[in-house]
Amino acid sequence: MSLTHVILSSGRSLALAELRLSSTYGGLLEGYPCAIVNDMKIKGLMKTAEKAFPRTPVHLIPPQREYPDQYAGAFGPVEVLPPVACVGAFHSTAVSPDHDPVLYRSFLTVVWFQATPRVPTDCTAEQPLRDLPWEDLAEDDEL
C-alpha cells in the first residue's frame with residue numbers, strides 16, 4: 001500500500017512507497033547557508049538515498065536557490081535552499097512494453113526540496129516533481 005499517488009505531467013501515475021523528510025539546515029551549528037554548504041547537503045542526501053535504496057536509480061530534482069540580500073561571509077554569498085529536504089521511493093507500472101505488467105514495476109528514488117513538510121499528492125505535488133521524465137530515469141524490476 002502506498003502513502004499517496006502523484007500523477008506526472010505525462011499522465012503516468014506514481015505510487016509513493018516511502019518518504020523521508022528532514023530540515024534542510026537542521027544541525028547546521030556553524031557558518032551560514034552558502035553554495036558550499038548546500039552542495040555538501042545535496043551530496044549527502046544523494047549518498048543517503050543510494051544507501052537506503054541500493055536497487056533503484058536515484059535522481060535529484062535541482063533545487064531552487066535563493067540569494068537574499070545579506071552580508072556575504074568568507075564562503076561567499078548567502079544561498080538558501082527550500083527548508084524541507086525530501087527523499088522519496090516511487091514505483092509505477094513497467095517502463096518497457098516488453099515486460100509483463102503483472103510481473104514488473106518501474107522504480108526510482110527521488111531527492112527534492114520543498115517549502116513545507118507535507119506529503120506530495122496529485123493536488124499538492126510541485127511542478128518539478130510532476131515533470132519527472134520517468135521513462136528516462138526509472139528502471140524496471142521483476143517483482
# chains A, B, ... in the order shown; residues from 1 in each chain; ligands from 1
call {"tool": "select_by_dssp", "arguments": {"residues": "chain A", "states": "helix (DSSP H, G or I)", "output": "ChimeraX atom specification"}}
result
/A:35-52,127-130,134-137
call {"tool": "write_last_selection", "arguments": {"atoms": "N, CA and C atoms", "output": "compact mmCIF listing (two decimals), in the first residue's frame"}}
result
# COMPACT_ATOMS: atom_id res chain seq x y z
N ALA A 35 26.73 28.28 -1.03
CA ALA A 35 26.85 27.27 -2.07
C ALA A 35 27.62 26.05 -1.58
N ILE A 36 28.68 26.24 -0.84
CA ILE A 36 29.49 25.11 -0.36
C ILE A 36 28.67 24.23 0.57
N VAL A 37 27.98 24.83 1.53
CA VAL A 37 27.15 24.09 2.48
C VAL A 37 26.02 23.37 1.72
N ASN A 38 25.39 24.07 0.80
CA ASN A 38 24.27 23.48 0.06
C ASN A 38 24.72 22.31 -0.81
N ASP A 39 25.85 22.46 -1.48
CA ASP A 39 26.37 21.36 -2.31
C ASP A 39 26.70 20.14 -1.45
N MET A 40 27.25 20.36 -0.26
CA MET A 40 27.54 19.24 0.65
C MET A 40 26.24 18.59 1.12
N LYS A 41 25.22 19.39 1.40
CA LYS A 41 23.93 18.86 1.83
C LYS A 41 23.31 17.99 0.72
N ILE A 42 23.35 18.48 -0.49
CA ILE A 42 22.80 17.73 -1.62
C ILE A 42 23.56 16.43 -1.84
N LYS A 43 24.88 16.51 -1.80
CA LYS A 43 25.70 15.32 -1.99
C LYS A 43 25.41 14.29 -0.89
N GLY A 44 25.26 14.75 0.35
CA GLY A 44 24.94 13.86 1.45
C GLY A 44 23.58 13.19 1.29
N LEU A 45 22.58 13.96 0.85
CA LEU A 45 21.26 13.39 0.61
C LEU A 45 21.29 12.34 -0.49
N MET A 46 22.06 12.59 -1.53
CA MET A 46 22.17 11.63 -2.63
C MET A 46 22.81 10.33 -2.13
N LYS A 47 23.86 10.44 -1.33
CA LYS A 47 24.51 9.24 -0.77
C LYS A 47 23.57 8.48 0.16
N THR A 48 22.82 9.22 0.97
CA THR A 48 21.85 8.60 1.87
C THR A 48 20.79 7.84 1.07
N ALA A 49 20.31 8.45 0.00
CA ALA A 49 19.29 7.81 -0.84
C ALA A 49 19.85 6.56 -1.52
N GLU A 50 21.08 6.64 -2.00
CA GLU A 50 21.70 5.49 -2.66
C GLU A 50 21.89 4.33 -1.68
N LYS A 51 22.25 4.64 -0.44
CA LYS A 51 22.42 3.59 0.58
C LYS A 51 21.07 3.00 1.00
N ALA A 52 20.08 3.86 1.17
CA ALA A 52 18.77 3.40 1.63
C ALA A 52 18.04 2.58 0.56
N GLN A 127 5.49 21.36 -9.45
CA GLN A 127 5.68 21.12 -10.88
C GLN A 127 6.96 20.34 -11.21
N PRO A 128 8.12 20.66 -10.61
CA PRO A 128 9.31 19.88 -10.95
C PRO A 128 9.15 18.38 -10.66
N LEU A 129 8.43 18.03 -9.61
CA LEU A 129 8.18 16.62 -9.32
C LEU A 129 7.22 16.03 -10.36
N ARG A 130 6.20 16.77 -10.73
CA ARG A 130 5.24 16.28 -11.73
C ARG A 130 5.85 16.18 -13.13
N TRP A 134 10.00 10.16 -16.18
CA TRP A 134 10.02 8.82 -15.59
C TRP A 134 10.61 7.77 -16.53
N GLU A 135 10.18 7.77 -17.77
CA GLU A 135 10.62 6.75 -18.72
C GLU A 135 12.13 6.78 -18.95
N ASP A 136 12.75 7.95 -18.78
CA ASP A 136 14.20 8.08 -18.97
C ASP A 136 15.00 7.73 -17.71
N LEU A 137 14.37 7.84 -16.55
CA LEU A 137 15.10 7.72 -15.28
C LEU A 137 14.84 6.42 -14.52
call {"tool": "residues_around", "arguments": {"residues": "Gly76 (chain A)", "least_positions_apart": "4", "cutoff": "12 Å", "atoms": "only C-alpha atoms", "output": "ChimeraX atom specification"}}
result
/A:31-37,67,70-72
call {"tool": "residues_around", "arguments": {"residues": "Pro62 (chain A)", "least_positions_apart": "3", "cutoff": "10 Å", "atoms": "only C-alpha atoms", "output": "ChimeraX atom specification"}}
result
/A:42,59,65,111-113,128
call {"tool": "write_last_selection", "arguments": {"atoms": "C-alpha atoms", "output": "compact mmCIF listing (two decimals), in the first residue's frame"}}
result
# COMPACT_ATOMS: atom_id res chain seq x y z
CA ILE A 42 22.80 17.73 -1.62
CA HIS A 59 17.56 11.26 -9.27
CA ARG A 65 18.40 28.53 -4.79
CA VAL A 111 15.63 13.66 -3.95
CA TRP A 112 14.00 17.08 -3.91
CA PHE A 113 13.43 20.13 -1.72
CA PRO A 128 9.31 19.88 -10.95
call {"tool": "select_by_dssp", "arguments": {"residues": "region 6-102 of chain A", "states": "strand (DSSP E or B)", "output": "ChimeraX atom specification"}}
result
/A:6-7,13-23,34,58-60,66,73,76,78,80,84-93
call {"tool": "closest_residue", "arguments": {"among": "A:Pro101, A:Pro77, A:Ser9, A:Glu18", "to": "Ala89 (chain A)", "atoms": "only C-alpha atoms"}}
result
A:Glu18
call {"tool": "closest_residue", "arguments": {"among": "A:Glu66, A:Val58, A:Phe90, A:Pro82", "to": "Ala17 (chain A)", "atoms": "only C-alpha atoms"}}
result
A:Phe90
